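Quick look at model12.txt (compact mmCIF, C-alpha atoms and all ligand atoms):
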# COMPACT_ATOMS: atom_id res chain seq x y z
CA MET A 990 116.81 125.47 108.59
CA SER A 991 115.25 126.86 105.37
CA SER A 992 115.45 124.93 102.06
CA SER A 993 117.92 127.46 100.61
CA SER A 994 120.26 127.53 103.66
CA ILE A 995 120.45 123.73 103.92
CA ASN A 996 122.10 123.62 100.47
CA LEU A 997 125.03 125.56 101.95
CA ALA A 998 125.18 123.69 105.26
CA PRO A 999 128.23 121.65 106.35
CA ILE A 1000 128.50 118.09 105.03
CA ILE A 1001 129.59 115.32 107.40
CA LEU A 1002 130.66 111.76 106.56
CA GLY A 1003 129.46 109.38 109.29
CA ILE A 1004 131.07 105.98 109.94
CA GLU A 1005 129.50 103.24 112.09
CA SER A 1006 131.04 99.86 112.97
CA SER A 1007 129.99 99.17 116.58
CA CYS A 1008 128.36 95.77 116.03
CA ASP A 1009 127.47 93.75 112.91
CA GLU A 1010 126.66 96.51 110.42
CA THR A 1011 129.34 98.36 108.45
CA ALA A 1012 127.79 101.72 107.59
CA ALA A 1013 128.73 105.04 106.04
CA ALA A 1014 126.52 108.04 105.35
CA VAL A 1015 126.81 111.57 104.07
CA VAL A 1016 124.51 114.06 105.82
CA ARG A 1017 124.13 117.78 105.13
CA GLY A 1018 123.19 120.21 107.89
CA GLY A 1019 122.54 117.39 110.39
CA GLU A 1020 119.31 116.43 108.65
CA GLU A 1021 119.51 115.92 104.89
CA ILE A 1022 120.69 112.39 104.06
CA LEU A 1023 122.64 112.56 100.80
CA ALA A 1024 123.55 108.86 101.05
CA SER A 1025 123.26 106.10 103.65
CA VAL A 1026 124.88 102.74 102.97
CA VAL A 1027 124.48 99.85 105.42
CA LEU A 1028 126.14 96.49 104.85
CA SER A 1029 124.81 93.87 107.23
CA GLN A 1030 126.90 90.87 108.26
CA PHE A 1031 123.89 88.62 108.96
CA ALA A 1032 125.12 85.90 106.55
CA THR A 1033 128.40 85.66 108.54
CA HIS A 1034 126.71 85.40 111.95
CA GLN A 1035 123.56 83.44 110.94
CA PRO A 1036 125.13 79.96 111.47
CA PHE A 1037 126.00 80.97 115.07
CA GLY A 1038 122.61 82.50 115.92
CA GLY A 1039 124.30 85.67 117.23
CA VAL A 1040 127.19 88.07 116.58
CA VAL A 1041 130.69 86.56 116.82
CA PRO A 1042 132.96 89.51 117.78
CA GLU A 1043 136.12 88.31 115.96
CA LEU A 1044 134.19 87.69 112.76
CA ALA A 1045 132.51 91.10 113.05
CA SER A 1046 135.92 92.88 113.19
CA ARG A 1047 137.18 90.93 110.19
CA GLU A 1048 134.07 91.75 108.15
CA HIS A 1049 134.32 95.47 109.03
CA LEU A 1050 137.93 95.47 107.81
CA ARG A 1051 136.83 93.96 104.52
CA ALA A 1052 133.79 96.18 104.01
CA LEU A 1053 134.66 99.63 105.32
CA VAL A 1054 136.56 101.12 102.35
CA PRO A 1055 134.01 100.00 99.70
CA VAL A 1056 131.08 101.12 101.89
CA VAL A 1057 132.59 104.61 102.41
CA ARG A 1058 133.39 104.92 98.68
CA ARG A 1059 129.83 103.95 97.76
CA ALA A 1060 128.33 106.48 100.20
CA LEU A 1061 130.48 109.29 98.76
CA GLU A 1062 129.65 108.26 95.20
CA GLU A 1063 125.88 108.11 95.88
CA ALA A 1064 126.06 111.50 97.60
CA GLY A 1065 127.97 113.05 94.69
CA GLN A 1066 130.77 114.04 97.10
CA ASN A 1067 134.46 113.32 97.49
CA TYR A 1068 136.88 113.45 100.43
CA ALA A 1069 137.81 117.06 99.64
CA SER A 1070 134.19 118.28 99.66
CA LEU A 1071 133.53 117.01 103.20
CA ASP A 1072 133.50 119.43 106.14
CA ALA A 1073 134.11 116.78 108.81
CA ILE A 1074 134.31 113.06 109.51
CA ALA A 1075 132.30 111.50 112.36
CA VAL A 1076 132.78 108.05 113.81
CA THR A 1077 131.15 105.88 116.50
CA GLN A 1078 133.51 105.81 119.49
CA GLY A 1079 131.36 103.40 121.57
CA PRO A 1080 129.64 101.62 123.19
CA GLY A 1081 129.92 98.39 121.22
CA LEU A 1082 132.29 95.53 120.44
CA ALA A 1083 135.87 96.68 121.11
CA GLY A 1084 137.45 95.16 117.99
CA ALA A 1085 134.61 96.26 115.71
CA LEU A 1086 134.74 99.85 117.03
CA LEU A 1087 138.50 99.93 116.61
CA VAL A 1088 138.23 99.23 112.88
CA GLY A 1089 135.96 102.25 112.34
CA VAL A 1090 137.90 104.55 114.68
CA SER A 1091 141.31 103.69 113.16
CA PHE A 1092 139.99 104.21 109.64
CA ALA A 1093 138.30 107.53 110.51
CA LYS A 1094 141.42 108.82 112.28
CA ALA A 1095 143.66 107.94 109.32
CA LEU A 1096 141.21 109.49 106.85
CA ALA A 1097 140.82 112.70 108.87
CA TYR A 1098 144.61 113.01 109.17
CA ALA A 1099 145.28 112.30 105.48
CA GLU A 1100 142.53 114.66 104.26
CA ASP A 1101 143.12 117.27 106.97
CA LYS A 1102 139.48 117.20 108.14
CA PRO A 1103 138.15 117.64 111.66
CA LEU A 1104 137.15 114.41 113.38
CA ILE A 1105 134.11 114.05 115.64
CA ALA A 1106 133.62 111.16 118.09
CA VAL A 1107 129.99 110.11 118.54
CA ASN A 1108 128.34 107.95 121.19
CA HIS A 1109 126.34 105.21 119.43
CA LEU A 1110 123.39 105.70 121.80
CA GLU A 1111 123.25 109.43 121.07
CA GLY A 1112 123.30 108.41 117.40
CA HIS A 1113 120.13 106.35 117.91
CA ILE A 1114 118.46 109.36 119.58
CA HIS A 1115 119.49 111.58 116.66
CA ALA A 1116 117.91 109.13 114.21
CA VAL A 1117 114.55 110.34 115.57
CA LEU A 1118 115.62 113.98 115.66
CA LEU A 1119 116.94 113.92 112.11
CA GLU A 1120 113.57 112.87 110.74
CA GLN A 1121 111.72 115.30 113.00
CA LYS A 1122 113.82 118.10 111.48
CA GLN A 1123 113.15 116.83 107.95
CA GLN A 1124 109.39 116.76 108.55
CA ALA A 1125 109.40 120.20 110.15
CA ARG A 1126 111.39 121.64 107.23
CA ALA A 1127 108.99 120.08 104.69
CA ALA A 1128 106.06 121.67 106.57
CA GLY A 1129 107.87 125.04 106.89
CA ASN A 1130 107.93 124.76 110.73
CA THR A 1131 110.61 124.46 113.36
CA THR A 1132 111.00 121.17 115.26
CA ALA A 1133 108.61 121.05 118.22
CA LEU A 1134 110.71 119.45 120.96
CA ARG A 1135 109.73 119.39 124.63
CA PHE A 1136 112.19 118.87 127.49
CA PRO A 1137 112.93 116.94 129.57
CA LEU A 1138 112.64 114.31 126.89
CA LEU A 1139 112.78 110.60 127.74
CA ALA A 1140 114.53 108.33 125.22
CA LEU A 1141 114.24 104.54 125.26
CA VAL A 1142 117.17 103.09 123.30
CA VAL A 1143 116.24 99.46 122.76
CA SER A 1144 118.41 97.24 120.57
CA GLY A 1145 120.48 94.06 120.51
CA GLY A 1146 123.07 95.53 122.85
CA HIS A 1147 121.10 98.10 124.85
CA THR A 1148 117.91 98.68 126.77
CA HIS A 1149 118.53 102.12 128.24
CA LEU A 1150 116.36 104.99 129.38
CA TYR A 1151 117.88 108.45 129.11
CA LEU A 1152 116.38 111.68 130.33
CA ALA A 1153 117.59 114.38 127.94
CA HIS A 1154 117.89 118.07 128.81
CA ALA A 1155 118.74 120.82 126.31
CA ALA A 1156 120.60 124.07 126.80
CA ASP A 1157 117.82 125.97 124.97
CA GLU A 1158 114.06 125.43 124.58
CA ALA A 1159 114.43 124.60 120.87
CA GLY A 1160 116.96 121.86 121.64
CA SER A 1161 119.14 123.00 118.73
CA GLY A 1162 122.41 123.04 120.71
CA GLY A 1163 123.95 120.21 122.70
CA TRP A 1164 121.91 117.92 124.93
CA THR A 1165 122.91 116.35 128.25
CA TYR A 1166 121.69 112.96 129.37
CA GLN A 1167 120.89 111.23 132.66
CA ASN A 1168 120.58 107.47 132.65
CA VAL A 1169 117.35 106.65 134.52
CA GLY A 1170 117.18 102.93 133.74
CA HIS A 1171 118.87 100.06 131.97
CA THR A 1172 118.75 96.32 131.67
CA ARG A 1173 120.32 94.41 134.51
CA ASP A 1174 121.13 91.45 132.23
CA ASP A 1175 120.06 90.82 128.60
CA ALA A 1176 119.03 93.62 126.25
CA ALA A 1177 115.53 93.34 124.75
CA GLY A 1178 116.88 92.67 121.22
CA GLU A 1179 119.17 90.03 122.68
CA ALA A 1180 116.10 88.30 124.18
CA PHE A 1181 114.36 88.38 120.76
CA ASP A 1182 117.51 86.91 119.13
CA LYS A 1183 118.06 84.23 121.81
CA VAL A 1184 114.41 83.11 121.80
CA ALA A 1185 114.47 82.96 117.98
CA LYS A 1186 117.64 80.87 118.18
CA LEU A 1187 116.22 78.43 120.72
CA LEU A 1188 113.06 78.06 118.60
CA GLY A 1189 115.21 77.37 115.49
CA LEU A 1190 113.89 80.41 113.58
CA GLY A 1191 117.06 82.15 112.28
CA TYR A 1192 119.08 85.31 112.89
CA PRO A 1193 118.44 88.16 113.60
CA GLY A 1194 115.40 87.02 115.54
CA GLY A 1195 113.59 90.33 116.07
CA PRO A 1196 112.22 90.84 112.55
CA LEU A 1197 111.25 87.14 112.29
CA ILE A 1198 109.39 87.13 115.62
CA ASP A 1199 107.74 90.43 114.61
CA GLY A 1200 106.44 88.86 111.37
CA LEU A 1201 105.44 85.49 112.88
CA ALA A 1202 103.70 86.90 115.98
CA ALA A 1203 100.80 88.20 113.89
CA HIS A 1204 99.88 84.55 113.12
CA GLY A 1205 99.61 83.38 116.76
CA ASP A 1206 97.41 83.96 119.82
CA ASP A 1207 99.35 86.41 122.01
CA ARG A 1208 97.38 85.45 125.12
CA ALA A 1209 98.00 81.70 124.86
CA VAL A 1210 101.09 81.55 127.14
CA LYS A 1211 101.52 83.68 130.26
CA PHE A 1212 104.92 85.19 131.12
CA ALA A 1213 105.70 87.13 134.28
CA PHE A 1214 108.47 89.68 134.90
CA ALA A 1215 110.18 90.23 138.22
CA GLN A 1216 109.50 93.56 139.90
CA LEU A 1217 112.89 95.22 140.38
CA LYS A 1218 113.27 97.16 143.59
CA HIS A 1219 115.43 100.28 143.80
CA PRO A 1220 116.71 101.68 147.07
CA ASP A 1221 116.63 105.16 145.52
CA ARG A 1222 113.08 104.91 144.24
CA ASN A 1223 109.97 105.64 146.26
CA PRO A 1224 106.67 107.31 145.30
CA GLN A 1225 107.37 110.39 147.44
CA GLY A 1226 110.80 110.93 145.83
CA ALA A 1227 109.34 110.46 142.36
CA ARG A 1228 106.61 113.06 143.01
CA LYS A 1229 109.16 115.54 144.35
CA TYR A 1230 111.36 115.00 141.31
CA ALA A 1231 108.48 115.41 138.84
CA ALA A 1232 107.43 118.66 140.60
CA ALA A 1233 111.01 120.02 140.44
CA VAL A 1234 111.19 119.26 136.71
CA SER A 1235 107.85 120.83 135.81
CA SER A 1236 108.55 124.03 137.75
CA SER A 1237 111.96 124.69 136.15
CA PRO A 1238 112.39 126.02 132.59
CA ALA A 1239 114.19 123.79 130.05
CA SER A 1240 117.14 126.17 129.99
CA GLN A 1241 117.60 125.89 133.78
CA PRO A 1242 116.58 122.38 134.70
CA GLY A 1243 116.93 122.58 138.47
CA ALA A 1244 115.91 118.94 138.68
CA ARG A 1245 119.15 118.00 136.95
CA THR A 1246 120.91 118.47 140.26
CA THR A 1247 118.72 115.85 141.98
CA MET A 1248 118.81 112.16 141.06
CA PRO A 1249 115.79 111.09 139.03
CA PRO A 1250 114.02 107.86 140.03
CA ARG A 1251 115.27 104.70 138.27
CA VAL A 1252 113.32 102.07 136.34
CA ASP A 1253 115.36 99.01 135.33
CA PHE A 1254 114.65 96.07 133.00
CA SER A 1255 115.58 92.37 133.06
CA TYR A 1256 115.15 90.01 130.09
CA SER A 1257 117.20 86.91 130.83
CA GLY A 1258 114.33 85.29 132.79
CA ILE A 1259 111.86 85.26 129.90
CA LYS A 1260 114.34 83.41 127.70
CA THR A 1261 114.59 80.68 130.37
CA ALA A 1262 110.78 80.64 130.66
CA VAL A 1263 110.47 80.04 126.89
CA LEU A 1264 113.06 77.24 127.16
CA ARG A 1265 111.10 75.61 130.03
CA HIS A 1266 107.90 75.82 127.97
CA VAL A 1267 109.63 74.16 125.00
CA GLU A 1268 110.99 71.34 127.19
CA THR A 1269 107.75 70.68 129.04
CA HIS A 1270 105.59 70.76 125.88
CA ALA A 1271 107.65 68.30 123.79
CA MET A 1272 108.63 70.90 121.18
CA LEU A 1273 112.32 69.99 120.82
CA ALA A 1274 111.95 67.58 117.87
CA SER A 1275 109.96 70.04 115.76
CA ILE A 1276 112.51 72.81 116.56
CA GLU A 1277 115.36 70.58 115.39
CA ALA A 1278 113.49 69.76 112.17
CA ARG A 1279 112.95 73.50 111.52
CA ARG A 1280 116.59 74.29 112.22
CA LYS A 1281 117.69 71.65 109.70
CA ALA A 1282 115.23 72.88 107.05
CA LEU A 1283 116.56 76.46 107.35
CA ALA A 1284 120.25 75.55 107.72
CA GLY A 1285 121.42 76.50 104.22
CA ILE A 1286 119.57 79.86 104.00
CA ALA A 1287 121.78 82.94 104.54
CA LYS A 1288 118.92 85.29 105.49
CA VAL A 1289 115.72 83.54 106.56
CA THR A 1290 112.48 85.39 105.70
CA VAL A 1291 109.11 85.21 107.47
CA SER A 1292 107.50 83.51 104.45
CA GLU A 1293 110.19 80.78 104.54
CA VAL A 1294 109.84 80.06 108.26
CA LEU A 1295 106.04 80.45 108.62
CA PRO A 1296 105.11 77.11 106.96
CA LEU A 1297 107.60 75.41 109.31
CA CYS A 1298 105.82 76.64 112.47
CA ASP A 1299 102.78 74.86 113.95
CA ALA A 1300 99.99 76.73 115.78
CA HIS A 1301 101.48 76.05 119.23
CA THR A 1302 104.86 77.55 118.18
CA LEU A 1303 103.16 80.62 116.71
CA ASP A 1304 101.16 81.08 119.94
CA LEU A 1305 104.39 80.88 121.97
CA ILE A 1306 106.09 83.45 119.69
CA ALA A 1307 103.12 85.83 119.85
CA SER A 1308 102.87 85.50 123.65
CA PHE A 1309 106.62 86.14 124.07
CA GLN A 1310 106.44 89.28 121.93
CA ARG A 1311 103.37 90.55 123.78
CA ALA A 1312 105.10 90.07 127.16
CA MET A 1313 108.23 91.91 125.96
CA VAL A 1314 106.25 94.78 124.45
CA GLU A 1315 104.03 95.22 127.50
CA ASP A 1316 107.00 95.27 129.87
CA LEU A 1317 108.99 97.77 127.75
CA VAL A 1318 106.00 100.10 127.40
CA ARG A 1319 104.87 99.85 131.04
CA LYS A 1320 108.32 100.53 132.50
CA THR A 1321 109.09 103.36 130.06
CA LEU A 1322 105.81 105.10 130.82
CA THR A 1323 106.40 104.63 134.57
CA ALA A 1324 109.79 106.33 134.14
CA ALA A 1325 108.28 109.08 131.97
CA GLU A 1326 105.71 109.88 134.64
CA ALA A 1327 108.20 109.72 137.51
CA CYS A 1328 110.69 111.99 135.69
CA GLY A 1329 108.11 114.46 134.43
CA ALA A 1330 109.09 113.77 130.80
CA LYS A 1331 107.25 115.91 128.26
CA MET A 1332 108.15 113.92 125.16
CA LEU A 1333 109.16 110.34 124.37
CA PHE A 1334 111.62 109.00 121.77
CA VAL A 1335 111.76 105.23 121.16
CA THR A 1336 114.73 104.17 119.06
CA GLY A 1337 117.19 101.31 118.30
CA GLY A 1338 116.66 98.06 116.39
CA VAL A 1339 113.73 96.82 118.53
CA ALA A 1340 111.91 100.13 117.85
CA ALA A 1341 111.26 98.66 114.38
CA ASN A 1342 108.84 96.19 116.04
CA SER A 1343 105.25 96.75 114.84
CA ALA A 1344 103.57 95.66 118.08
CA LEU A 1345 105.91 97.89 120.16
CA ARG A 1346 105.09 100.91 118.01
CA GLY A 1347 101.35 100.19 118.17
CA HIS A 1348 101.35 99.69 121.94
CA PHE A 1349 103.49 102.78 122.62
CA ASN A 1350 101.29 104.89 120.36
CA ALA A 1351 98.11 103.77 122.12
CA LYS A 1352 99.38 104.03 125.71
CA ALA A 1353 101.48 107.19 125.45
CA THR A 1354 98.81 109.03 123.48
CA ALA A 1355 96.27 108.13 126.17
CA LEU A 1356 98.57 109.87 128.70
CA GLY A 1357 98.97 112.91 126.43
CA LEU A 1358 102.66 112.14 125.93
CA PRO A 1359 103.91 112.70 122.36
CA VAL A 1360 105.91 109.65 121.20
CA HIS A 1361 108.25 109.50 118.18
CA PHE A 1362 110.11 106.67 116.45
CA PRO A 1363 112.63 106.69 113.61
CA SER A 1364 111.50 105.23 110.29
CA ARG A 1365 112.36 101.51 110.14
CA PRO A 1366 115.62 101.88 108.12
CA LEU A 1367 116.89 104.40 110.68
CA SER A 1368 115.79 102.30 113.70
CA THR A 1369 118.51 99.71 113.22
CA ASP A 1370 122.23 100.60 113.07
CA ASN A 1371 123.18 103.10 110.37
CA ALA A 1372 125.70 105.91 109.90
CA ALA A 1373 123.24 108.71 109.04
CA MET A 1374 122.40 108.89 112.77
CA ILE A 1375 126.14 109.20 113.57
CA ALA A 1376 126.63 112.08 111.10
CA ALA A 1377 123.45 113.76 112.42
CA ALA A 1378 124.58 113.47 116.06
CA ALA A 1379 127.95 114.95 115.07
CA TYR A 1380 126.39 118.10 113.59
CA PRO A 1381 125.79 120.07 116.86
CA LYS A 1382 129.31 119.07 117.95
CA PHE A 1383 130.67 120.40 114.64
CA LEU A 1384 128.88 123.71 115.21
CA ALA A 1385 130.31 123.87 118.76
CA ASN A 1386 133.85 122.94 117.57
CA LEU A 1387 133.80 119.81 119.73
CA PHE A 1388 136.41 117.81 117.83
CA ALA A 1389 138.10 114.59 118.93
CA PRO A 1390 141.75 114.82 120.01
CA ALA A 1391 144.27 112.94 117.86
CA ASP A 1392 144.83 110.36 120.61
CA PHE A 1393 141.17 109.42 121.22
CA SER A 1394 140.33 105.73 121.10
CA ALA A 1395 137.39 103.36 120.82
CA GLU A 1396 135.56 102.73 124.13
CA ALA A 1397 133.53 99.54 124.37
CA SER A 1398 131.62 100.74 127.48
CA LEU A 1399 131.38 104.45 126.66
CA ALA A 1400 128.72 106.12 128.83
CA LEU A 1401 126.27 108.73 127.54
CA ARG A 1402 126.13 111.94 129.60
O1 LIG A 1501 120.18 98.88 116.76
P1 LIG A 1501 120.58 97.55 116.20
O2 LIG A 1501 120.65 97.42 114.69
O3 LIG A 1501 121.98 97.10 116.74
C1 LIG A 1501 122.38 97.28 118.08
O4 LIG A 1501 122.83 98.41 118.41
O5 LIG A 1501 122.22 96.29 118.84
O6 LIG A 1501 119.56 96.47 116.78
C2 LIG A 1501 119.59 95.13 116.40
C3 LIG A 1501 118.57 94.37 117.25
C4 LIG A 1501 118.61 92.87 117.05
O7 LIG A 1501 118.58 92.26 118.32
C5 LIG A 1501 117.32 92.58 116.28
O8 LIG A 1501 116.79 91.30 116.51
C6 LIG A 1501 116.41 93.68 116.80
O9 LIG A 1501 117.25 94.82 116.93
N1 LIG A 1501 115.31 93.97 115.88
C7 LIG A 1501 114.01 93.77 116.19
C8 LIG A 1501 113.26 94.11 115.02
N2 LIG A 1501 114.15 94.53 114.06
C9 LIG A 1501 115.40 94.43 114.61
N3 LIG A 1501 113.43 93.34 117.32
C10 LIG A 1501 112.07 93.22 117.32
N4 LIG A 1501 111.31 93.51 116.23
C11 LIG A 1501 111.85 93.96 115.08
N5 LIG A 1501 111.09 94.24 114.04
ZN ZN A 1502 122.51 100.27 117.77

Any chance you could give the structure as structure tokens?
Amino acid sequence: MSSSSINLAPIILGIESSCDETAAAVVRGGEEILASVVLSQFATHQPFGGVVPELASREHLRALVPVVRRALEEAGQNYASLDAIAVTQGPGLAGALLVGVSFAKALAYAEDKPLIAVNHLEGHIHAVLLEQKQQARAAGNTTALRFPLLALVVSGGHTHLYLAHAADEAGSGGWTYQNVGHTRDDAAGEAFDKVAKLLGLGYPGGPLIDGLAAHGDDRAVKFAFAQLKHPDRNPQGARKYAAAVSSSPASQPGARTTMPPRVDFSYSGIKTAVLRHVETHAMLASIEARRKALAGIAKVTVSEVLPLCDAHTLDLIASFQRAMVEDLVRKTLTAAEACGAKMLFVTGGVAANSALRGHFNAKATALGLPVHFPSRPLSTDNAAMIAAAAYPKFLANLFAPADFSAEASLALR
């Protein structure tokens, strides 16, 4: 879209309330963020070391109206100037989603605006796309997308691999998705949060482990991951699938009719392995002392927790992060190769991790696979990604019926 035409493009208000962030954003033309407000509930959940669903719903109820008002104010818009309202339908916490969906439905009805239901996971994928479009526009180019595109959505609630196909080579219309892998138990972000909790570091654990890992030896402790077997996955099938994908144009992906090979993840075992290490290396007393020292702090920072960690703890943290990063990268690249992916998107809260970005960049580049991440503020939950994902639906008149509802386990297709 040219700089002059974007000024006239439709404006969408996005609303996100699937987990522990209440967010609203105003986005023009699916790419220009006029405002993005994110209110995190970390202070509410910090004492519990994880998200408490009932408290999350209550906090969304409290925060939603002020957050939406602030987004509109910052964007210089009002309800009347909006072209549509978009809201996260799922997946996520049922009660939390319901707050956002009920509010968006009432607002759309009262203001007589079309309502668009967005899948949270597609939102995370659009966080990457949104910035790709912005960069292309700044450089006077069109977005260089290549299909099939493999997206790893890795966050506190999800570790999913989606193979995305587009109706046209440019990928400007709607996309369809095939799930080619997911976690069989804990999500990767959940493992970061649970390990941080058991080491007495604070919540959310991902950013703290990210900051602390740089101070430890990441080869000090060895962790192993189970190899997950799939009845539908064999090298011959994978080769056949990759050949079918590469010989069919993006607009007619013949391979879409065959099942792609699957690559699954599992992260509950590593949490138990960290716990075993703690118990067998007499670390429990120092963990309890750290927990007590940090008890009154609403949002623990790396500089507050670093002096409370001895060398052994920092080595354990660094080794845990390295194991997680290596497994995520190895399995994603295995899936990319098996599915004949031509481009890689890595998105979701854990995509903010510095080591994950570094490792993906090194390994994917070596394979000649272009890899893209959202900027850090757009990696974690936000509503700009919801408004951006709604834009192609707005253009295609794909509006939500009046009786649509929140869906905690909504699938992405
Ligand atoms: O996408 P997100 O905001 O919410 C969900 O949809 O789950 O992701 C939150 C998750 C949390 O588990 C948090 O610990 C993790 O993302 N996270 C990180 C980092 N920043 C956030 N994990 C590792 N390294 C980070 N820098
Ligand atoms: Zn998310």

With ligand LIG 1501 (chain A) as the partner and 9 Å as the cut-off, tabulate the residues of chain A that qualify, each row holding the nearest pair of atoms and their distance in Å to one decimal, using all atoms listed in the file, sorted by chain and rising number, as a tab-separated table.
residue	atom	partner	partner_atom	distance
A:Ser1007	CA	A:LIG1501	O4	7.4
A:Cys1008	CA	A:LIG1501	C1	6.5
A:Asp1009	CA	A:LIG1501	O3	7.5
A:Glu1010	CA	A:LIG1501	O2	7.4
A:Gly1039	CA	A:LIG1501	O7	8.8
A:Pro1080	CA	A:LIG1501	O4	8.9
A:Gly1081	CA	A:LIG1501	O4	7.6
A:His1109	CA	A:LIG1501	O4	7.7
A:Leu1110	CA	A:LIG1501	O4	8.1
A:His1113	CA	A:LIG1501	O1	7.6
A:Val1142	CA	A:LIG1501	O1	8.3
A:Val1143	CA	A:LIG1501	O1	7.2
A:Ser1144	CA	A:LIG1501	O6	4.0
A:Gly1145	CA	A:LIG1501	O5	3.3
A:Gly1146	CA	A:LIG1501	O5	4.2
A:His1147	CA	A:LIG1501	O5	6.4
A:Ala1176	CA	A:LIG1501	O7	8.1
A:Ala1177	CA	A:LIG1501	O7	7.2
A:Gly1178	CA	A:LIG1501	O7	3.4
A:Glu1179	CA	A:LIG1501	O7	4.9
A:Ala1180	CA	A:LIG1501	O7	7.5
A:Phe1181	CA	A:LIG1501	O8	5.7
A:Asp1182	CA	A:LIG1501	O8	5.2
A:Lys1183	CA	A:LIG1501	O7	8.8
A:Ala1185	CA	A:LIG1501	O8	8.8
A:Tyr1192	CA	A:LIG1501	O8	7.4
A:Pro1193	CA	A:LIG1501	O8	4.6
A:Gly1194	CA	A:LIG1501	O8	4.6
A:Gly1195	CA	A:LIG1501	N3	3.3
A:Pro1196	CA	A:LIG1501	N5	3.9
A:Leu1197	CA	A:LIG1501	N5	7.3
A:Ile1198	CA	A:LIG1501	N4	6.7
A:Asp1199	CA	A:LIG1501	N4	5.0
A:Gly1200	CA	A:LIG1501	N5	7.6
A:Gln1310	CA	A:LIG1501	C10	8.3
A:Thr1336	CA	A:LIG1501	O1	7.9
A:Gly1337	CA	A:LIG1501	O1	4.1
A:Gly1338	CA	A:LIG1501	O6	3.3
A:Val1339	CA	A:LIG1501	N3	3.7
A:Ala1340	CA	A:LIG1501	C11	6.8
A:Ala1341	CA	A:LIG1501	N5	4.4
A:Asn1342	CA	A:LIG1501	N5	3.6
A:Ser1343	CA	A:LIG1501	N5	6.4
A:Ala1344	CA	A:LIG1501	N4	8.2
A:Leu1345	CA	A:LIG1501	N4	8.0
A:Arg1365	CA	A:LIG1501	N2	8.2
A:Leu1367	CA	A:LIG1501	O1	8.8
A:Ser1368	CA	A:LIG1501	O1	6.4
A:Thr1369	CA	A:LIG1501	O2	3.5
A:Asp1370	CA	A:LIG1501	O2	3.9
A:Asn1371	CA	A:LIG1501	O2	7.6

Would you export the selected residues with C-alpha atoms as a compact mmCIF listing (two decimals), in the coordinates of the input, please?
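What ended up in part_26.txt:
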# COMPACT_ATOMS: atom_id res chain seq x y z
CA SER A 1007 129.99 99.17 116.58
CA CYS A 1008 128.36 95.77 116.03
CA ASP A 1009 127.47 93.75 112.91
CA GLU A 1010 126.66 96.51 110.42
CA GLY A 1039 124.30 85.67 117.23
CA PRO A 1080 129.64 101.62 123.19
CA GLY A 1081 129.92 98.39 121.22
CA HIS A 1109 126.34 105.21 119.43
CA LEU A 1110 123.39 105.70 121.80
CA HIS A 1113 120.13 106.35 117.91
CA VAL A 1142 117.17 103.09 123.30
CA VAL A 1143 116.24 99.46 122.76
CA SER A 1144 118.41 97.24 120.57
CA GLY A 1145 120.48 94.06 120.51
CA GLY A 1146 123.07 95.53 122.85
CA HIS A 1147 121.10 98.10 124.85
CA ALA A 1176 119.03 93.62 126.25
CA ALA A 1177 115.53 93.34 124.75
CA GLY A 1178 116.88 92.67 121.22
CA GLU A 1179 119.17 90.03 122.68
CA ALA A 1180 116.10 88.30 124.18
CA PHE A 1181 114.36 88.38 120.76
CA ASP A 1182 117.51 86.91 119.13
CA LYS A 1183 118.06 84.23 121.81
CA ALA A 1185 114.47 82.96 117.98
CA TYR A 1192 119.08 85.31 112.89
CA PRO A 1193 118.44 88.16 113.60
CA GLY A 1194 115.40 87.02 115.54
CA GLY A 1195 113.59 90.33 116.07
CA PRO A 1196 112.22 90.84 112.55
CA LEU A 1197 111.25 87.14 112.29
CA ILE A 1198 109.39 87.13 115.62
CA ASP A 1199 107.74 90.43 114.61
CA GLY A 1200 106.44 88.86 111.37
CA GLN A 1310 106.44 89.28 121.93
CA THR A 1336 114.73 104.17 119.06
CA GLY A 1337 117.19 101.31 118.30
CA GLY A 1338 116.66 98.06 116.39
CA VAL A 1339 113.73 96.82 118.53
CA ALA A 1340 111.91 100.13 117.85
CA ALA A 1341 111.26 98.66 114.38
CA ASN A 1342 108.84 96.19 116.04
CA SER A 1343 105.25 96.75 114.84
CA ALA A 1344 103.57 95.66 118.08
CA LEU A 1345 105.91 97.89 120.16
CA ARG A 1365 112.36 101.51 110.14
CA LEU A 1367 116.89 104.40 110.68
CA SER A 1368 115.79 102.30 113.70
CA THR A 1369 118.51 99.71 113.22
CA ASP A 1370 122.23 100.60 113.07
CA ASN A 1371 123.18 103.10 110.37

Checklist line | Distance criterion (only C-alpha atoms): nearest to Leu1141 in chain A out of A:Gly1329, A:Gly1170, A:Pro1036, A:Gly1162 | finding: A:Gly1170

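One distance worth recording is that between CA of Ile1276 in chain A and CA of Ala1045 in chain A, which is 27.3 Å.
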
Next item on the list: Considering only C-alpha atoms and all ligand atoms, state which residue in the set A:Ile1114, A:Ala1327, A:Leu1401, A:Ala1385 is at the smallest distance from ligand ZN 1502 (chain A).
Entry: A:Ile1114

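Atom pair CA of His1266 in chain A / CA of Glu1315 in chain A: separated by 19.8 Å.
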
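CA of Gln1121 in chain A sits 25.3 Å away from CA of Phe1388 in chain A.
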
Notebook entry, point to check: If we count all atoms listed in the file, what is near Leu1150 in chain A at a cut-off of 9 Å, once residues fewer than 5 positions away on the same chain are taken out, given as an MDAnalysis selection string?
Noted result: chainID A and resid 1139:1143 1167:1171 1251:1253 1321 1324

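Near Ala1153 in chain A, within a cut-off of 7 Å and counting only C-alpha atoms, sit the residues Pro1137, Leu1138, Leu1139, Trp1164, Thr1165, Tyr1166 and Gln1167 of chain A, with same-chain residues fewer than 3 positions away left out.
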